[in-house]
>>> print(open('run-v3.txt').read())   # compact mmCIF, C-alpha atoms and all ligand atoms
# COMPACT_ATOMS: atom_id res chain seq x y z
CA MET A 686 194.20 219.18 38.06
CA ASN A 687 193.52 216.19 35.80
CA VAL A 688 193.22 213.18 38.09
CA LEU A 689 192.97 209.53 37.08
CA LEU A 690 191.07 207.36 39.57
CA THR A 691 191.90 203.68 39.10
CA GLY A 692 189.06 201.65 40.58
CA GLY A 693 187.04 204.84 40.26
CA ALA A 694 183.72 203.06 39.70
CA GLY A 695 184.01 201.33 43.07
CA TYR A 696 182.70 202.33 46.47
CA ILE A 697 185.38 204.75 47.68
CA GLY A 698 186.49 205.80 44.19
CA SER A 699 183.00 206.94 43.15
CA HIS A 700 182.57 209.08 46.28
CA THR A 701 186.02 210.59 45.76
CA ALA A 702 185.10 211.34 42.14
CA VAL A 703 182.16 213.43 43.40
CA VAL A 704 184.30 215.42 45.83
CA LEU A 705 187.16 216.03 43.38
CA SER A 706 184.81 216.94 40.59
CA GLN A 707 182.94 219.40 42.81
CA LEU A 708 186.25 221.02 43.69
CA GLY A 709 186.83 221.67 39.99
CA HIS A 710 189.26 218.85 39.20
CA GLN A 711 188.91 217.02 35.90
CA VAL A 712 188.34 213.42 36.97
CA ILE A 713 188.81 210.35 34.75
CA LEU A 714 187.71 206.93 35.98
CA TYR A 715 189.60 203.78 35.01
CA ASP A 716 188.11 200.48 36.13
CA ASN A 717 187.74 196.90 34.86
CA LEU A 718 184.29 196.69 36.52
CA SER A 719 185.21 193.42 38.25
CA ASN A 720 183.52 194.66 41.43
CA SER A 721 181.37 197.54 40.20
CA SER A 722 178.90 198.41 37.48
CA CYS A 723 178.37 201.04 34.78
CA ILE A 724 175.22 202.16 36.59
CA VAL A 725 177.39 204.16 38.95
CA LEU A 726 178.48 206.29 35.97
CA GLU A 727 174.90 207.47 35.41
CA LYS A 728 174.48 208.24 39.10
CA LEU A 729 177.74 210.16 39.16
CA ALA A 730 176.60 212.26 36.21
CA GLN A 731 173.36 213.01 38.11
CA ILE A 732 175.26 214.15 41.20
CA ALA A 733 178.04 216.04 39.43
CA GLY A 734 175.74 217.59 36.84
CA ARG A 735 178.02 216.43 34.03
CA LYS A 736 179.36 213.21 32.58
CA ILE A 737 182.57 211.94 34.13
CA PRO A 738 184.90 210.32 31.57
CA PHE A 739 185.29 206.57 32.05
CA VAL A 740 187.72 204.07 30.51
CA LYS A 741 187.08 200.35 30.95
CA GLY A 742 190.45 198.77 31.55
CA ASP A 743 192.61 196.73 33.85
CA VAL A 744 195.47 198.27 35.81
CA ARG A 745 197.66 195.40 34.64
CA ASP A 746 197.31 196.69 31.08
CA THR A 747 200.32 199.04 31.11
CA GLY A 748 199.89 200.02 27.46
CA LEU A 749 196.29 201.13 27.82
CA LEU A 750 197.07 202.98 31.05
CA SER A 751 199.96 204.75 29.42
CA ASN A 752 197.73 205.90 26.54
CA VAL A 753 195.05 207.09 28.94
CA LEU A 754 197.58 209.01 31.05
CA ALA A 755 198.82 210.78 27.93
CA SER A 756 195.53 211.42 26.18
CA TYR A 757 193.85 212.93 29.25
CA GLU A 758 197.03 214.84 30.24
CA ILE A 759 196.88 213.37 33.72
CA ASN A 760 198.73 215.19 36.52
CA ALA A 761 198.04 212.82 39.41
CA VAL A 762 196.66 209.34 40.07
CA VAL A 763 194.54 208.08 42.95
CA HIS A 764 194.97 204.32 42.98
CA PHE A 765 191.92 202.52 44.39
CA ALA A 766 191.85 199.53 42.04
CA GLY A 767 192.37 196.20 43.73
CA LEU A 768 190.77 193.27 45.49
CA LYS A 769 189.83 193.81 49.12
CA ALA A 770 188.30 190.77 50.84
CA VAL A 771 190.52 189.51 53.66
CA GLY A 772 189.02 186.00 53.77
CA GLU A 773 189.14 185.53 50.00
CA SER A 774 192.78 186.67 49.95
CA ALA A 775 193.77 183.60 51.96
CA GLN A 776 192.05 181.35 49.39
CA LYS A 777 193.22 183.22 46.29
CA PRO A 778 196.56 184.81 47.18
CA ILE A 779 197.78 184.76 43.59
CA ASP A 780 194.78 186.80 42.44
CA TYR A 781 195.45 189.27 45.22
CA TYR A 782 199.15 189.66 44.46
CA THR A 783 198.41 189.97 40.74
CA ASN A 784 195.69 192.59 41.06
CA ASN A 785 197.12 194.56 43.94
CA VAL A 786 200.91 194.31 43.59
CA GLN A 787 201.40 193.57 39.89
CA GLY A 788 198.61 196.06 39.12
CA THR A 789 200.48 198.78 41.01
CA ILE A 790 203.78 197.94 39.31
CA SER A 791 202.04 198.23 35.95
CA LEU A 792 200.56 201.60 36.95
CA LEU A 793 203.94 202.89 38.15
CA GLN A 794 205.55 201.80 34.88
CA ALA A 795 202.94 203.71 32.90
CA MET A 796 203.36 206.75 35.15
CA GLN A 797 207.13 206.62 34.80
CA LEU A 798 206.83 206.43 31.04
CA ARG A 799 204.69 209.57 31.04
CA GLY A 800 206.69 211.45 33.69
CA ILE A 801 203.77 211.55 36.15
CA LYS A 802 205.06 211.39 39.72
CA THR A 803 202.08 212.05 41.98
CA ILE A 804 200.11 209.12 43.41
CA VAL A 805 197.73 208.59 46.28
CA PHE A 806 197.48 204.93 47.24
CA SER A 807 194.53 203.24 48.99
CA SER A 808 196.21 201.44 51.85
CA SER A 809 194.53 200.04 54.92
CA ALA A 810 194.74 199.91 58.70
CA THR A 811 195.19 196.16 58.12
CA VAL A 812 198.91 196.88 57.61
CA TYR A 813 199.28 197.32 61.39
CA GLY A 814 198.15 193.75 62.20
CA GLU A 815 197.41 192.97 65.85
CA PRO A 816 197.62 196.32 67.70
CA ARG A 817 200.46 196.52 70.22
CA TYR A 818 198.96 199.73 71.56
CA LEU A 819 195.93 201.93 70.87
CA PRO A 820 195.13 204.27 69.28
CA LEU A 821 197.17 203.28 66.23
CA ASP A 822 199.48 206.02 65.03
CA GLU A 823 201.48 205.85 61.82
CA ASN A 824 204.64 204.84 63.72
CA HIS A 825 203.00 201.68 65.00
CA PRO A 826 204.96 198.71 63.60
CA THR A 827 203.45 197.15 60.50
CA ASN A 828 202.78 193.43 60.51
CA ALA A 829 199.97 192.41 58.19
CA THR A 830 198.49 189.06 59.15
CA ASN A 831 196.78 188.03 55.89
CA PRO A 832 197.63 188.09 52.16
CA TYR A 833 195.39 191.12 51.49
CA GLY A 834 197.19 193.13 54.15
CA ARG A 835 200.55 191.97 52.87
CA THR A 836 199.72 193.18 49.35
CA LYS A 837 199.07 196.62 50.84
CA LEU A 838 202.30 196.50 52.79
CA HIS A 839 204.33 195.37 49.77
CA VAL A 840 202.93 198.25 47.73
CA GLU A 841 203.63 200.77 50.51
CA GLU A 842 207.24 199.56 50.69
CA MET A 843 207.60 199.58 46.93
CA LEU A 844 206.37 203.17 46.84
CA ARG A 845 208.86 204.12 49.51
CA ASP A 846 211.67 202.68 47.37
CA VAL A 847 210.44 204.70 44.41
CA VAL A 848 210.74 207.94 46.41
CA THR A 849 214.17 206.91 47.68
CA SER A 850 215.33 206.41 44.10
CA ASP A 851 213.88 209.69 42.83
CA SER A 852 213.01 212.47 45.28
CA GLN A 853 210.69 214.18 42.80
CA TRP A 854 207.93 211.67 43.46
CA ARG A 855 204.98 212.75 45.60
CA ILE A 856 203.38 209.74 47.24
CA ALA A 857 200.76 209.29 49.94
CA CYS A 858 199.63 205.96 51.36
CA LEU A 859 196.27 206.52 53.02
CA ARG A 860 195.60 203.93 55.68
CA TYR A 861 191.83 203.73 55.77
CA PHE A 862 190.10 202.45 58.88
CA ASN A 863 186.47 201.30 58.31
CA PRO A 864 184.72 203.32 55.60
CA VAL A 865 180.92 203.19 55.79
CA GLY A 866 177.90 205.20 54.67
CA ALA A 867 177.03 206.74 51.34
CA HIS A 868 176.74 210.03 49.49
CA GLU A 869 174.04 212.24 51.03
CA SER A 870 171.88 211.89 47.87
CA GLY A 871 171.57 208.12 48.35
CA LEU A 872 172.42 207.70 44.66
CA ILE A 873 175.78 206.00 45.18
CA GLY A 874 176.94 203.81 48.03
CA GLU A 875 178.37 200.43 48.86
CA SER A 876 176.77 197.57 46.95
CA PRO A 877 178.91 194.48 47.32
CA CYS A 878 178.51 191.65 44.84
CA GLY A 879 177.31 188.53 46.72
CA ALA A 880 177.13 188.18 50.49
CA PRO A 881 178.77 191.13 52.26
CA ASN A 882 181.98 190.45 54.19
CA ASN A 883 181.81 193.69 56.13
CA LEU A 884 179.58 194.63 59.01
CA MET A 885 177.74 197.69 57.71
CA PRO A 886 176.52 196.29 54.38
CA TYR A 887 175.44 193.14 56.21
CA ILE A 888 173.44 195.15 58.76
CA VAL A 889 171.83 197.10 55.90
CA GLN A 890 170.70 193.90 54.17
CA VAL A 891 169.29 192.46 57.39
CA ALA A 892 167.37 195.70 58.06
CA ALA A 893 166.03 195.54 54.49
CA GLY A 894 164.79 191.99 55.05
CA GLN A 895 167.18 190.48 52.51
CA ARG A 896 168.88 188.42 55.22
CA ALA A 897 167.28 186.90 58.30
CA LYS A 898 169.80 187.96 60.91
CA LEU A 899 173.26 189.28 61.54
CA GLU A 900 175.85 186.99 63.03
CA VAL A 901 177.88 188.92 65.58
CA PHE A 902 181.35 187.44 65.51
CA GLY A 903 182.34 187.07 69.14
CA GLY A 904 180.77 188.35 72.35
CA ASP A 905 183.72 187.65 74.62
CA TYR A 906 186.32 190.22 73.57
CA PRO A 907 187.89 192.38 76.28
CA THR A 908 185.77 195.36 75.17
CA PRO A 909 182.99 197.20 77.07
CA ASP A 910 180.20 194.99 75.63
CA GLY A 911 182.30 192.00 74.52
CA THR A 912 181.97 192.68 70.77
CA GLY A 913 184.67 193.93 68.39
CA VAL A 914 185.45 197.65 68.29
CA ARG A 915 186.36 199.50 65.07
CA ASP A 916 186.90 203.03 63.82
CA TYR A 917 184.07 203.68 61.33
CA ILE A 918 184.58 206.68 59.08
CA HIS A 919 181.97 208.21 56.75
CA VAL A 920 182.97 207.57 53.14
CA MET A 921 182.42 211.25 52.30
CA ASP A 922 184.90 212.28 55.00
CA LEU A 923 187.28 209.72 53.52
CA ALA A 924 186.68 211.12 50.03
CA GLU A 925 187.43 214.64 51.26
CA GLY A 926 190.65 213.25 52.75
CA HIS A 927 191.78 212.37 49.21
CA ALA A 928 191.18 215.91 47.99
CA ALA A 929 193.17 217.24 50.94
CA THR A 930 195.95 214.75 50.18
CA LEU A 931 196.21 215.88 46.55
CA ASN A 932 196.49 219.40 47.89
CA LEU A 933 199.28 218.33 50.25
CA LEU A 934 201.14 216.56 47.45
CA SER A 935 200.93 219.68 45.27
CA GLN A 936 203.05 221.38 47.93
CA THR A 937 205.43 218.64 49.03
CA THR A 938 207.46 215.75 47.64
CA GLY A 939 208.31 212.50 49.46
CA TRP A 940 206.47 209.48 50.88
CA HIS A 941 203.75 209.90 53.46
CA ALA A 942 201.68 207.32 55.35
CA ILE A 943 198.55 208.86 56.82
CA ASN A 944 195.72 207.30 58.84
CA LEU A 945 192.19 208.16 57.80
CA GLY A 946 189.92 207.39 60.72
CA THR A 947 187.95 209.28 63.35
CA GLY A 948 189.89 208.18 66.41
CA LYS A 949 186.68 206.85 67.95
CA GLY A 950 185.80 203.19 68.33
CA TYR A 951 182.31 201.69 68.16
CA SER A 952 181.37 198.11 68.98
CA VAL A 953 179.25 195.83 66.81
CA LEU A 954 176.34 196.31 69.21
CA ASP A 955 176.80 200.12 69.05
CA MET A 956 176.53 199.85 65.26
CA ILE A 957 173.38 197.74 65.39
CA GLN A 958 171.73 200.14 67.80
CA ALA A 959 172.72 203.23 65.78
CA PHE A 960 171.46 201.62 62.60
CA GLU A 961 168.12 200.65 64.13
CA LYS A 962 167.67 204.24 65.29
CA ALA A 963 168.59 205.76 61.92
CA SER A 964 166.47 203.36 59.86
CA GLY A 965 163.55 202.67 62.16
CA ARG A 966 164.06 198.97 61.34
CA GLN A 967 164.96 196.02 63.56
CA VAL A 968 168.27 194.26 63.05
CA PRO A 969 167.90 190.75 64.52
CA TYR A 970 171.24 189.28 65.52
CA GLU A 971 172.84 186.29 67.14
CA VAL A 972 176.19 186.26 68.87
CA VAL A 973 178.31 183.44 67.41
CA ALA A 974 181.96 182.40 67.61
CA ARG A 975 184.75 184.85 66.85
CA ARG A 976 185.84 185.20 63.21
CA ALA A 977 189.37 183.90 62.65
CA GLY A 978 191.94 186.66 62.42
CA ASP A 979 189.78 189.41 63.98
CA VAL A 980 191.28 191.71 66.60
CA ALA A 981 189.33 192.96 69.62
CA GLU A 982 189.83 196.66 69.01
CA CYS A 983 191.24 198.83 66.27
CA PHE A 984 191.05 202.61 66.07
CA ALA A 985 193.18 205.42 64.75
CA TYR A 986 195.21 208.21 66.17
CA PRO A 987 194.03 210.70 63.53
CA ASN A 988 196.29 213.65 64.38
CA LYS A 989 198.63 213.36 61.40
CA ALA A 990 195.69 213.85 59.01
CA ARG A 991 194.59 216.79 61.12
CA GLU A 992 198.03 218.39 60.98
CA LEU A 993 199.14 217.57 57.43
CA LEU A 994 195.79 217.58 55.66
CA ASN A 995 193.90 219.96 57.92
CA MET A 996 191.26 217.26 57.94
CA THR A 997 188.95 216.06 60.67
CA ALA A 998 186.26 213.49 60.00
CA ARG A 999 183.14 215.46 60.92
CA ARG A 1000 180.17 213.29 59.99
CA THR A 1001 178.43 211.46 62.83
CA LEU A 1002 177.62 207.80 63.31
CA ASN A 1003 173.96 208.66 62.72
CA GLU A 1004 174.86 210.22 59.35
CA MET A 1005 176.85 207.11 58.43
CA CYS A 1006 173.86 204.86 59.16
CA ALA A 1007 171.19 207.16 57.70
CA SER A 1008 173.05 207.61 54.40
CA ALA A 1009 173.72 203.87 54.08
CA TRP A 1010 170.01 203.24 54.61
CA ARG A 1011 169.01 205.93 52.10
CA PHE A 1012 171.22 204.26 49.48
CA GLN A 1013 169.75 200.85 50.24
CA GLN A 1014 166.24 202.20 49.81
CA SER A 1015 167.13 203.88 46.53
CA ILE A 1016 168.41 200.62 45.04
CA GLN A 1017 165.56 198.59 46.50
CA PHE A 1018 162.86 200.72 44.84
CA GLU A 1019 164.58 201.13 41.48
P1 LIG B 1 185.60 198.38 45.49
O1 LIG B 1 185.74 196.95 45.19
O2 LIG B 1 184.22 198.95 45.62
O3 LIG B 1 186.38 199.26 44.41
C1 LIG B 1 187.57 198.79 43.78
C2 LIG B 1 187.36 198.98 42.29
O4 LIG B 1 188.54 198.51 41.62
C3 LIG B 1 186.19 198.18 41.73
O5 LIG B 1 185.35 199.04 41.00
C4 LIG B 1 186.83 197.11 40.83
O6 LIG B 1 186.03 196.83 39.72
C5 LIG B 1 188.14 197.79 40.48
N1 LIG B 1 189.24 196.86 40.17
C6 LIG B 1 189.64 195.78 40.88
N2 LIG B 1 190.70 195.20 40.30
C7 LIG B 1 190.99 195.95 39.21
C8 LIG B 1 191.97 195.86 38.19
N3 LIG B 1 192.86 194.87 38.18
N4 LIG B 1 191.98 196.80 37.21
C9 LIG B 1 191.06 197.79 37.19
N5 LIG B 1 190.10 197.92 38.13
C10 LIG B 1 190.07 197.01 39.12
O7 LIG B 1 186.45 198.67 46.81
P2 LIG B 1 186.53 199.97 47.71
O8 LIG B 1 185.89 199.66 49.02
O9 LIG B 1 186.10 201.16 46.96
O10 LIG B 1 188.10 200.01 47.96
C11 LIG B 1 188.97 200.82 47.18
C12 LIG B 1 190.38 200.61 47.68
O11 LIG B 1 190.46 200.92 49.07
C13 LIG B 1 190.87 199.16 47.54
O12 LIG B 1 192.22 199.20 47.12
C14 LIG B 1 190.76 198.62 48.94
O13 LIG B 1 191.70 197.62 49.18
C15 LIG B 1 191.05 199.86 49.78
N6 LIG B 1 190.45 199.79 51.13
C16 LIG B 1 189.11 199.58 51.25
C17 LIG B 1 188.55 199.48 52.54
C18 LIG B 1 187.07 199.23 52.71
O14 LIG B 1 186.66 198.81 53.80
N7 LIG B 1 186.22 199.48 51.74
C19 LIG B 1 189.36 199.60 53.68
C20 LIG B 1 190.72 199.81 53.49
C21 LIG B 1 191.26 199.91 52.21
N1 LIG B 2 181.37 191.63 62.12
C1 LIG B 2 180.32 190.86 62.61
N2 LIG B 2 179.49 190.25 61.73
C2 LIG B 2 179.62 190.36 60.38
C3 LIG B 2 180.69 191.16 59.88
C4 LIG B 2 181.54 191.76 60.78
O1 LIG B 2 180.17 190.74 63.82
O2 LIG B 2 178.83 189.78 59.63
C5 LIG B 2 182.26 192.32 63.07
C6 LIG B 2 183.73 191.92 62.95
O3 LIG B 2 183.99 190.80 63.74
C7 LIG B 2 184.43 193.20 63.43
C8 LIG B 2 183.49 194.32 62.98
O4 LIG B 2 182.22 193.70 62.77
O5 LIG B 2 184.49 193.23 64.84
C9 LIG B 2 183.93 194.98 61.67
O6 LIG B 2 184.14 193.97 60.71
P1 LIG B 2 184.43 194.32 59.18
O7 LIG B 2 184.62 193.03 58.47
O8 LIG B 2 183.38 195.25 58.68
O9 LIG B 2 185.78 195.17 59.24
P2 LIG B 2 187.27 194.72 59.73
O10 LIG B 2 187.17 193.50 60.55
O11 LIG B 2 188.00 194.54 58.46
O12 LIG B 2 187.74 195.88 60.52
>>> encode(input="run-v3.txt", output="structure tokens", more="lines below")
Ligand code: NAD
Ligand code: UDP
Amino acid sequence: MNVLLTGGAGYIGSHTAVVLSQLGHQVILYDNLSNSSCIVLEKLAQIAGRKIPFVKGDVRDTGLLSNVLASYEINAVVHFAGLKAVGESAQKPIDYYTNNVQGTISLLQAMQLRGIKTIVFSSSATVYGEPRYLPLDENHPTNATNPYGRTKLHVEEMLRDVVTSDSQWRIACLRYFNPVGAHESGLIGESPCGAPNNLMPYIVQVAAGQRAKLEVFGGDYPTPDGTGVRDYIHVMDLAEGHAATLNLLSQTTGWHAINLGTGKGYSVLDMIQAFEKASGRQVPYEVVARRAGDVAECFAYPNKARELLNMTARRTLNEMCASAWRFQQSIQFE
């Protein structure tokens, strides 16, 4: 299959490119490099053993997208491109709606023009908002509590309308929980521009000595150790979930929302401890006030992915930490 990955130079897109390419798909990356760099293209070529075609472009450029879809004879799109920082989305909602919602409309217009009706969309567990029960299954009510989450929800709803209007579309909204870790080679991984917003990249930078200590946001949650609990999933398991989803969509039409998580929750202190063990480094930390908008616990009921995609996240917490550390060391000594 010829698959276009929008946002393909980014963290999750690059790992998915490896998996799809190794399965024999022809992968084309489309990215404006606003949160990634060309260096990843060299690393991908090293891992895949061949160059992966790349087009620098913005998803809001419908004309360019349409040309790319036609010239590479694309059969399906995996749509990663977008902005993803929850805090920033409250300060810059217009940027978020433009990139995430307008960007998706532009992509759908280009796809419609070319008669391409298969799309996998990067959604997020954020669409559930404050959990009313745990674990979160796909029938849990959606109620995003920040602009970022609302962009994801708007796109999910838009995609549902598209399927309602034309039953030939094949659409999957993958609701990611917390992707962490890196490709086993350590060549690609998560390298956020500026100070990390997320826990794992922050821990990595503290362990590497780039930051003095980790601030643990809240020690008084109703959780076993008082710190926030999340469902961390290895990015390679997540990437394999995309391959399985493309396979599902080759056999079925319609709109599907599917959780990608492990079903297991780890606290912030669990993560620190696991990382210290995997890296052999200390991660100094201080418990500070809760971060606004955070929930105490969030983890998936992953059975739909198991049933529909035949997929179970199999990589361990130790593998998540060890691979993230390997990647950090590879960029540190470059
Ligand atoms: P990332 O920032 O590493 O990758 C996104 C890529 O999209 C970047 O390479 C960026 O340059 C590109 N991009 C952004 N706006 C674009 C535009 N207008 N046109 C073209 N390219 C554009 O992020 P990621 O962690 O790989 O996330 C990928 C997707 O998964 C995003 O949609 C994100 O919202 C979603 N998601 C991520 C997480 C997470 O924790 N990483 C969790 C849930 C959902
Ligand atoms: N967290 C933290 N310090 C940080 C970043 C995150 O204590 O510097 C906590 C956060 O409060 C949450 C967990 O780590 O309980 C995961 O946060 P992240 O931002 O990675 O993911 P999300 O909150 O989006 O699930």
>>> closest_residue(input="run-v3.txt", among="A:Ser721, A:Asn944, A:Thr827, A:Gln707", to="Ala990 (chain A)", atoms="only C-alpha atoms")
A:Asn944
>>> residues_near_ligand(input="run-v3.txt", ligand="ligand LIG 1 (chain B)", cutoff="8 Å", atoms="only C-alpha atoms and all ligand atoms", output="PyMOL selection string")
chain A and resi 691-699+715-722+741-745+764-770+783-785+788+806-811+833+837+860-865+875-877+883
>>> closest_residue(input="run-v3.txt", among="A:Tyr970, A:Phe739, A:Tyr986, A:Tyr781", to="Tyr887 (chain A)", atoms="all atoms listed in the file")
A:Tyr970
>>> residues_near_point(input="run-v3.txt", point="(183.1, 217.5, 65.0)", cutoff="12 Å", atoms="only C-alpha atoms", output="number ranges by chain")
A: 922, 947-949, 996-1002
>>> write_last_selection(input="run-v3.txt", atoms="C-alpha atoms", output="CSV table (one decimal), in the coordinates of the input")
chain,number,residue,atom,x,y,z
A,922,ASP,CA,184.9,212.3,55.0
A,947,THR,CA,188.0,209.3,63.4
A,948,GLY,CA,189.9,208.2,66.4
A,949,LYS,CA,186.7,206.8,68.0
A,996,MET,CA,191.3,217.3,57.9
A,997,THR,CA,189.0,216.1,60.7
A,998,ALA,CA,186.3,213.5,60.0
A,999,ARG,CA,183.1,215.5,60.9
A,1000,ARG,CA,180.2,213.3,60.0
A,1001,THR,CA,178.4,211.5,62.8
A,1002,LEU,CA,177.6,207.8,63.3
>>> residues_near_point(input="run-v3.txt", point="(181.4, 215.8, 42.3)", cutoff="8 Å", atoms="all atoms listed in the file", output="JSON, numbers by chain")
{"A": [700, 701, 702, 703, 704, 705, 706, 707, 708, 729, 732, 733]}
>>> residues_near_ligand(input="run-v3.txt", ligand="ligand LIG 2 (chain B)", cutoff="8 Å", atoms="all atoms listed in the file", output="ChimeraX atom specification")
/A:771,811,862-863,881-885,887-888,899-903,912-916,952-953,972,975-976,979-983
>>> atom_distance(input="run-v3.txt", atom1="CA of Gly734 (chain A)", atom2="CA of Thr930 (chain A)")
24.4 Å
>>> atom_distance(input="run-v3.txt", atom1="CA of Ser774 (chain A)", atom2="CA of Pro832 (chain A)")
5.5 Å
